[in-house]
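Content type compact mmCIF, C-alpha atoms, from the file my_file.txt:
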```txt
# COMPACT_ATOMS: atom_id res chain seq x y z
CA MET A 334 103.56 9.75 157.69
CA LEU A 335 104.24 7.48 154.72
CA ALA A 336 107.49 6.35 156.33
CA LEU A 337 105.62 5.44 159.54
CA LEU A 338 102.97 3.49 157.63
CA GLN A 339 105.75 1.61 155.86
CA ARG A 340 107.87 1.05 158.96
CA ASP A 341 105.05 -0.29 161.15
CA GLY A 342 102.59 -1.66 158.58
CA ARG A 343 104.64 -2.38 155.44
CA LEU A 344 101.96 -0.47 153.51
CA ILE A 345 104.14 0.47 150.52
CA ASP A 346 105.40 -3.10 150.19
CA PHE A 347 101.82 -4.35 150.16
CA LEU A 348 100.54 -1.76 147.68
CA SER A 349 103.53 -2.29 145.37
CA GLU A 350 103.07 -6.06 145.19
CA ASN A 351 100.94 -7.79 142.55
CA VAL A 352 98.45 -9.64 144.75
CA THR A 353 96.44 -11.32 141.98
CA GLN A 354 98.45 -14.54 142.40
CA TYR A 355 97.41 -15.07 146.03
CA PRO A 356 94.23 -16.91 147.07
CA ASP A 357 91.61 -14.74 148.77
CA ALA A 358 92.10 -16.42 152.17
CA GLN A 359 95.84 -15.75 152.16
CA LEU A 360 95.33 -12.17 150.97
CA GLY A 361 92.65 -11.60 153.60
CA ALA A 362 94.97 -12.69 156.39
CA ALA A 363 97.73 -10.36 155.13
CA VAL A 364 95.31 -7.44 154.77
CA ARG A 365 94.08 -7.90 158.34
CA MET A 366 97.63 -7.61 159.73
CA ILE A 367 98.49 -4.60 157.54
CA HIS A 368 95.20 -2.92 158.42
CA ASP A 369 95.76 -3.39 162.16
CA SER A 370 99.34 -2.08 161.99
CA CYS A 371 98.49 0.95 159.86
CA ARG A 372 95.48 1.79 162.01
CA GLN A 373 97.74 1.78 165.09
CA VAL A 374 100.04 4.25 163.31
CA LEU A 375 97.12 6.59 162.64
CA ASP A 376 95.86 6.25 166.21
CA ARG A 377 99.33 6.98 167.60
CA TYR A 378 100.29 9.99 165.48
CA ILE A 379 97.14 11.64 164.10
CA LYS A 380 93.82 12.46 165.72
CA LEU A 381 91.05 12.60 163.11
CA GLN A 382 87.48 13.76 163.35
CA PRO A 383 84.66 13.63 160.80
CA VAL A 384 83.98 16.76 158.73
CA ILE A 385 80.26 16.12 159.23
CA ALA A 386 79.39 14.22 162.41
CA SER A 387 76.11 12.78 161.09
CA GLU A 388 75.65 9.13 160.13
CA GLU A 389 76.27 8.18 156.51
CA ASP A 390 73.19 7.72 154.27
CA GLN A 391 71.23 10.15 156.46
CA PRO A 392 69.84 13.55 155.33
CA VAL A 393 72.03 16.61 155.96
CA THR A 394 71.85 20.28 155.04
CA VAL A 395 74.82 21.96 153.39
CA PRO A 396 74.72 25.59 154.57
CA ALA A 397 75.31 28.68 152.48
CA GLY A 398 78.97 29.69 152.63
CA PHE A 399 80.19 26.11 153.18
CA ASP A 400 83.88 25.36 152.60
CA PRO A 401 84.22 23.46 149.27
CA ALA A 402 87.52 21.98 150.49
CA SER A 403 85.57 20.34 153.34
CA ILE A 404 82.37 19.32 151.56
CA LYS A 405 82.17 17.93 148.03
CA LEU A 406 78.74 18.11 146.43
CA ILE A 407 77.98 15.13 144.17
CA GLY A 408 74.97 14.01 142.17
CA ASN A 409 72.43 16.42 140.67
CA VAL A 410 73.90 19.69 141.96
CA THR A 411 71.76 22.66 140.95
CA GLY A 412 70.95 25.93 142.63
CA ALA A 413 72.67 27.59 145.55
CA PRO A 414 73.06 26.48 149.16
CA PRO A 415 71.56 25.75 151.55
CA MET A 416 70.96 22.34 149.97
CA ARG A 417 69.63 19.07 151.35
CA GLY A 418 71.10 15.74 150.44
CA LEU A 419 72.23 12.37 151.77
CA LEU A 420 75.59 12.13 153.47
CA ARG A 421 77.56 9.55 151.48
CA HIS A 422 80.90 9.99 153.30
CA ARG A 423 81.53 11.91 156.52
CA GLY A 424 84.96 13.09 155.41
CA TRP A 425 87.98 13.43 157.68
CA ARG A 426 89.63 16.43 159.26
CA ILE A 427 92.92 16.41 161.14
CA GLN A 428 92.39 17.51 164.71
CA GLU A 429 95.93 16.95 166.00
CA VAL A 430 99.27 15.73 164.64
CA ASN A 431 102.10 14.33 166.77
CA LEU A 432 104.66 13.09 164.26
CA PRO A 433 108.24 12.32 165.26
CA ALA A 434 110.94 14.73 164.08
CA LEU A 435 112.25 14.26 160.55
CA PRO A 436 115.82 13.06 160.13
CA GLU A 437 118.45 15.62 159.26
CA ARG A 438 119.73 16.22 155.72
CA SER A 439 119.58 13.41 153.17
CA GLY A 440 117.36 11.14 155.23
CA ARG A 441 114.34 13.38 154.71
CA SER A 442 113.56 11.89 151.29
CA ILE A 443 113.91 8.25 152.40
CA VAL A 444 110.57 6.61 153.09
CA ALA A 445 112.12 3.26 154.03
CA PRO A 446 115.82 2.45 154.02
CA ALA A 447 117.09 -0.60 152.20
CA GLU A 448 117.90 -3.39 154.64
CA VAL A 449 121.08 -5.43 154.17
CA GLU A 450 121.76 -8.39 156.41
CA ILE A 451 125.44 -8.98 156.99
CA SER A 452 126.41 -12.55 157.83
```
Give the structure from this file in structure tokens form.
Amino acid sequence: MLALLQRDGRLIDFLSENVTQYPDAQLGAAVRMIHDSCRQVLDRYIKLQPVIASEEDQPVTVPAGFDPASIKLIGNVTGAPPMRGLLRHRGWRIQEVNLPALPERSGRSIVAPAEVEIS
């Protein structure tokens, strides 16, 4: 997945670069392009769905026996579920993955190959 985000969105290049030297307008334009490209990668290869389908900042009930890998309780957590609270982030769950096949042998550890232009 990281290789796809790099190939199509140059995400690693962007995250590795020191962006403090760029004016906000120039950075904003670059971020918009990277965001669009990386979002297309996610849309193409991974189907996501919210862990909790409610709207954020709305009340929800965390049931007894909830999966702590799926729901993280934050704030003043006391007592045992069921508990009521405000949904601060819906979370994400992978519904479907359709990644291309990995390359054979040594290519598996390469996220992005070096590019050399021959003239």
Which residues are close to A:Ser387, i.e. within 9 Å by only C-alpha atoms, leaving aside same-chain residues fewer than 5 positions away? Reply as an MDAnalysis selection string. chainID A and resid 392:393 420 423
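If only C-alpha atoms are the atoms counted, then among A:Ala363, A:Ala413, A:Ala397, A:Leu344 the closest residue to A:Val444 is A:Leu344.
Atom CA of A:Glu388 is positioned 22.5 Å from atom CA of A:Glu429.
Among A:Leu337, A:Leu419, A:Ile385, A:Cys371, the residue with the shortest atom-to-atom distance to A:Ile404, counting only C-alpha atoms, is A:Ile385.
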Could you give me, as JSON, numbers by chain, the residues that have an atom at most 9 Å away from the point (70.1, 24.4, 150.9) in the coordinates of the file, using only C-alpha atoms? {"A": [394, 395, 396, 397, 412, 413, 414, 415, 416, 417, 418]}
With distances taken over only C-alpha atoms, which of A:Leu406, A:Leu381, A:Ala445, A:Ala362 is nearest to A:Leu335? A:Ala445
Considering only C-alpha atoms, can you say which of A:Asp390, A:Gln382, A:Asp376, A:Gly424 comes closest to A:Lys405? A:Gly424
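Atom CA of A:Arg372 sits 21.0 Å away from atom CA of A:Ala358.
Relative to atom CA of A:Pro383, atom CA of A:Ile345 is found at 25.7 Å.
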